[in-house]
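> Quick one: this structure, given as structure tokens, is what I'll be asking you about.
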Amino acid sequence: MSRYPTTDAERIRLAHDLTAIGYRPTQGKQHFDRVRIDTMIEAMLDGTFDWNAASLQPVILGPNDEILGGHHRLIAAHLAGLDLTAVPGPRPQVQRLTICFRPVSDWIDVLPDE
């Protein structure tokens, strides 16, 4: 069962949700993998996601919430109803940088469709 949006309307809603939160993607559509996102969502929901391993490569945010690393994980956590900043563990799941060198896109332009 796919938890990632399967219709254009659902994808548009996800884009609006992520935009409202303030996250700004810096990765092109060709780099997104729906199956990977779904796999992460399922693992997060059933408790098998390895948060310790994930924290070795945390979600990296720029100064204005540009996502510099961890796009898939951030989308999966949002769809699983999780706040990455609240995940317990020895290392933070999210880190911030003071500068962003990547161009920013709109979510609707980068979220994978059918």
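Residues are referred to by chain and number: the chain letter is A, B, ... according to the order shown in the structure tokens, the number counts from 1 in that chain, and ligands are numbered separately from 1 in the order shown.
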Tell me which protein, DNA and RNA residues are within 10 Å of segment 32-42 of chain A, counting only C-alpha atoms, leaving out same-chain ones fewer than 2 positions away, and put them as a CSV table (one decimal) with N, CA and C atoms, in the first residue's frame.

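Written file, selection-v3.csv:
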chain,number,residue,atom,x,y,z
A,1,MET,N,0.8,-1.2,0.0
A,1,MET,CA,0.0,0.0,0.0
A,1,MET,C,0.9,1.2,0.0
A,2,SER,N,0.7,2.1,-0.9
A,2,SER,CA,1.4,3.3,-1.0
A,2,SER,C,0.9,4.4,-0.1
A,3,ARG,N,1.7,5.0,0.7
A,3,ARG,CA,1.3,6.1,1.5
A,3,ARG,C,1.7,7.4,0.9
A,4,TYR,N,2.6,7.3,-0.1
A,4,TYR,CA,2.9,8.5,-0.9
A,4,TYR,C,1.7,8.9,-1.8
A,5,PRO,N,1.4,10.2,-2.0
A,5,PRO,CA,0.3,10.5,-2.8
A,5,PRO,C,0.2,9.8,-4.2
A,6,THR,N,-0.9,9.4,-4.5
A,6,THR,CA,-1.1,8.7,-5.8
A,6,THR,C,-1.9,9.5,-6.8
A,27,GLN,N,16.5,19.9,-4.5
A,27,GLN,CA,16.8,18.7,-5.3
A,27,GLN,C,15.8,18.7,-6.5
A,28,GLY,N,16.3,18.3,-7.6
A,28,GLY,CA,15.4,18.2,-8.8
A,28,GLY,C,14.5,16.9,-8.8
A,29,LYS,N,13.4,17.0,-9.5
A,29,LYS,CA,12.4,15.9,-9.5
A,29,LYS,C,13.1,14.6,-9.9
A,30,GLN,N,14.1,14.6,-10.8
A,30,GLN,CA,14.7,13.4,-11.3
A,30,GLN,C,15.4,12.6,-10.2
A,44,MET,N,9.2,3.8,9.4
A,44,MET,CA,9.0,4.8,10.5
A,44,MET,C,7.8,4.4,11.2
A,45,LEU,N,6.7,4.0,10.5
A,45,LEU,CA,5.5,3.6,11.2
A,45,LEU,C,5.5,2.3,11.9
A,46,ASP,N,6.3,1.3,11.4
A,46,ASP,CA,6.3,0.0,12.1
A,46,ASP,C,7.5,-0.1,13.1
A,47,GLY,N,8.2,1.0,13.2
A,47,GLY,CA,9.3,1.0,14.2
A,47,GLY,C,10.6,0.3,13.8
A,48,THR,N,10.8,0.0,12.5
A,48,THR,CA,12.0,-0.6,12.1
A,48,THR,C,13.0,0.4,11.4
A,49,PHE,N,12.6,1.6,11.3
A,49,PHE,CA,13.5,2.6,10.8
A,49,PHE,C,14.7,2.8,11.7
A,50,ASP,N,15.9,2.8,11.2
A,50,ASP,CA,17.2,2.9,12.0
A,50,ASP,C,17.5,4.3,12.1
A,71,HIS,N,16.0,15.0,1.7
A,71,HIS,CA,14.7,15.3,1.2
A,71,HIS,C,13.7,14.1,1.4
A,72,HIS,N,14.2,12.9,1.0
A,72,HIS,CA,13.3,11.7,1.1
A,72,HIS,C,12.9,11.5,2.6
A,73,ARG,N,13.8,11.6,3.5
A,73,ARG,CA,13.5,11.3,4.9
A,73,ARG,C,12.6,12.4,5.5
A,74,LEU,N,12.8,13.6,5.1
A,74,LEU,CA,11.9,14.7,5.5
A,74,LEU,C,10.5,14.5,5.0
A,75,ILE,N,10.3,14.1,3.7
A,75,ILE,CA,9.0,13.9,3.2
A,75,ILE,C,8.3,12.7,3.9
A,76,ALA,N,9.1,11.6,4.0
A,76,ALA,CA,8.6,10.4,4.7
A,76,ALA,C,8.2,10.7,6.1
A,77,ALA,N,9.0,11.4,6.9
A,77,ALA,CA,8.6,11.7,8.2
A,77,ALA,C,7.3,12.6,8.3
A,78,HIS,N,7.2,13.5,7.4
A,78,HIS,CA,6.0,14.3,7.3
A,78,HIS,C,4.8,13.4,7.1
A,79,LEU,N,4.9,12.6,6.1
A,79,LEU,CA,3.7,11.7,5.8
A,79,LEU,C,3.5,10.7,6.8
A,80,ALA,N,4.5,10.3,7.6
A,80,ALA,CA,4.3,9.4,8.8
A,80,ALA,C,3.8,10.1,10.0
A,81,GLY,N,3.7,11.5,9.9
A,81,GLY,CA,3.3,12.2,11.1
A,81,GLY,C,4.3,12.4,12.2
A,82,LEU,N,5.6,12.4,11.8
A,82,LEU,CA,6.7,12.5,12.7
A,82,LEU,C,7.4,13.9,12.6
A,110,VAL,N,8.9,19.5,-8.0
A,110,VAL,CA,9.9,18.4,-7.7
A,110,VAL,C,9.3,17.1,-7.1
A,111,LEU,N,8.2,17.1,-6.5
A,111,LEU,CA,7.6,15.9,-6.0
A,111,LEU,C,7.3,14.9,-7.1
A,112,PRO,N,7.7,13.7,-7.0
A,112,PRO,CA,7.4,12.7,-8.0
A,112,PRO,C,5.9,12.4,-8.2
A,113,ASP,N,5.6,12.3,-9.5
A,113,ASP,CA,4.2,12.0,-9.8
A,113,ASP,C,4.1,10.5,-10.2
A,114,GLU,N,3.0,10.1,-10.8
A,114,GLU,CA,2.8,8.7,-11.2
A,114,GLU,C,3.9,8.2,-12.1
> What's the 9 Å shell around Val104 of chain A, counting only C-alpha atoms, without same-chain residues fewer than 3 positions away, as an mmCIF file with C-alpha atoms, in the first residue's frame?

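Here's the written file part_35.cif:
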data_model
loop_
_atom_site.group_PDB
_atom_site.id
_atom_site.type_symbol
_atom_site.label_atom_id
_atom_site.label_comp_id
_atom_site.auth_asym_id
_atom_site.auth_seq_id
_atom_site.Cartn_x
_atom_site.Cartn_y
_atom_site.Cartn_z
ATOM 1 C CA ARG A 24 12.263 24.508 0.585
ATOM 2 C CA PRO A 25 13.588 21.752 -1.728
ATOM 3 C CA THR A 26 16.932 22.063 -3.497
ATOM 4 C CA GLN A 27 16.799 18.735 -5.318
ATOM 5 C CA GLU A 66 16.350 24.985 2.403
ATOM 6 C CA ILE A 67 16.792 21.220 2.413
#
> For the atom pair atom CA of His31 of chain A and atom CA of Cys100 of chain A, what is the interatomic distance in Å to one decimal place?
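Separation between atom CA of His31 of chain A and atom CA of Cys100 of chain A: 18.9 Å.
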> With only C-alpha atoms as the atoms that count, which of A:Ile108, A:Glu10, A:Gly62, A:Leu56 lies nearest to Pro92 of chain A?
A:Leu56
> Pick from A:Leu68, A:Gly22, A:Asn52, A:Pro103: nearest to Pro88 of chain A, with only C-alpha atoms counted?
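Comparing A:Leu68, A:Gly22, A:Asn52, A:Pro103 against Pro88 of chain A, the winner is A:Asn52.
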> For a test of reading the model, state the distance in Å between atom CA of Leu97 of chain A and atom CA of Leu61 of chain A, rounded to one decimal.
6.2 Å
> Report as an MDAnalysis selection string: the residues of chain A with a DSSP assignment of helix (DSSP H, G or I), based on the backbone of this structure.
chainID A and resid 8:21 29:31 34:46 51:55 71:80 84:86 107:110
> Would you work out the distance separating atom CA of Leu84 of chain A from atom CA of Ala54 of chain A, expressed in Å to one decimal?
10.8 Å
> Would you please give, as a list of chain:residue names, all residues of chain A that DSSP assigns to strand (DSSP E or B) based on the backbone?
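Restricting chain A to strand (DSSP E or B) produces A:Arg24, A:Pro25, A:Val59, A:Ile60, A:Leu61, A:Glu66, A:Ile67, A:Leu68, A:Gly69, A:Val94, A:Gln95, A:Arg96.
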> Just N, CA and C atoms for this one: save the residues we selected as an mmCIF file, in the first residue's frame.

data_model
loop_
_atom_site.group_PDB
_atom_site.id
_atom_site.type_symbol
_atom_site.label_atom_id
_atom_site.label_comp_id
_atom_site.auth_asym_id
_atom_site.auth_seq_id
_atom_site.Cartn_x
_atom_site.Cartn_y
_atom_site.Cartn_z
ATOM 1 N N ARG A 24 12.046 24.124 1.971
ATOM 2 C CA ARG A 24 12.263 24.508 0.585
ATOM 3 C C ARG A 24 13.217 23.512 -0.079
ATOM 4 N N PRO A 25 12.750 22.783 -1.102
ATOM 5 C CA PRO A 25 13.588 21.752 -1.728
ATOM 6 C C PRO A 25 14.692 22.347 -2.598
ATOM 7 N N VAL A 59 19.324 15.160 8.308
ATOM 8 C CA VAL A 59 18.701 16.103 7.389
ATOM 9 C C VAL A 59 19.428 17.433 7.602
ATOM 10 N N ILE A 60 19.900 18.012 6.524
ATOM 11 C CA ILE A 60 20.631 19.277 6.612
ATOM 12 C C ILE A 60 19.746 20.392 6.073
ATOM 13 N N LEU A 61 19.535 21.416 6.887
ATOM 14 C CA LEU A 61 18.743 22.563 6.490
ATOM 15 C C LEU A 61 19.622 23.800 6.416
ATOM 16 N N GLU A 66 16.033 25.681 3.646
ATOM 17 C CA GLU A 66 16.350 24.985 2.403
ATOM 18 C C GLU A 66 16.859 23.605 2.783
ATOM 19 N N ILE A 67 16.359 22.589 2.110
ATOM 20 C CA ILE A 67 16.792 21.220 2.413
ATOM 21 C C ILE A 67 18.028 20.936 1.572
ATOM 22 N N LEU A 68 19.143 20.764 2.234
ATOM 23 C CA LEU A 68 20.406 20.514 1.543
ATOM 24 C C LEU A 68 20.733 19.027 1.519
ATOM 25 N N GLY A 69 20.116 18.260 2.358
ATOM 26 C CA GLY A 69 20.297 16.813 2.403
ATOM 27 C C GLY A 69 19.173 16.188 3.193
ATOM 28 N N VAL A 94 18.310 16.414 12.645
ATOM 29 C CA VAL A 94 18.328 17.610 11.804
ATOM 30 C C VAL A 94 19.469 18.502 12.254
ATOM 31 N N GLN A 95 20.226 18.990 11.279
ATOM 32 C CA GLN A 95 21.272 19.971 11.563
ATOM 33 C C GLN A 95 21.088 21.159 10.634
ATOM 34 N N ARG A 96 21.569 22.309 11.080
ATOM 35 C CA ARG A 96 21.423 23.524 10.282
ATOM 36 C C ARG A 96 22.786 24.079 9.886
#
> Nearest to Ala20 of chain A: which of A:Phe101, A:Arg91, A:Asp65, A:Asp8 is it, counting only C-alpha atoms?
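Of A:Phe101, A:Arg91, A:Asp65, A:Asp8, the one nearest Ala20 of chain A is A:Asp65, counting only C-alpha atoms.
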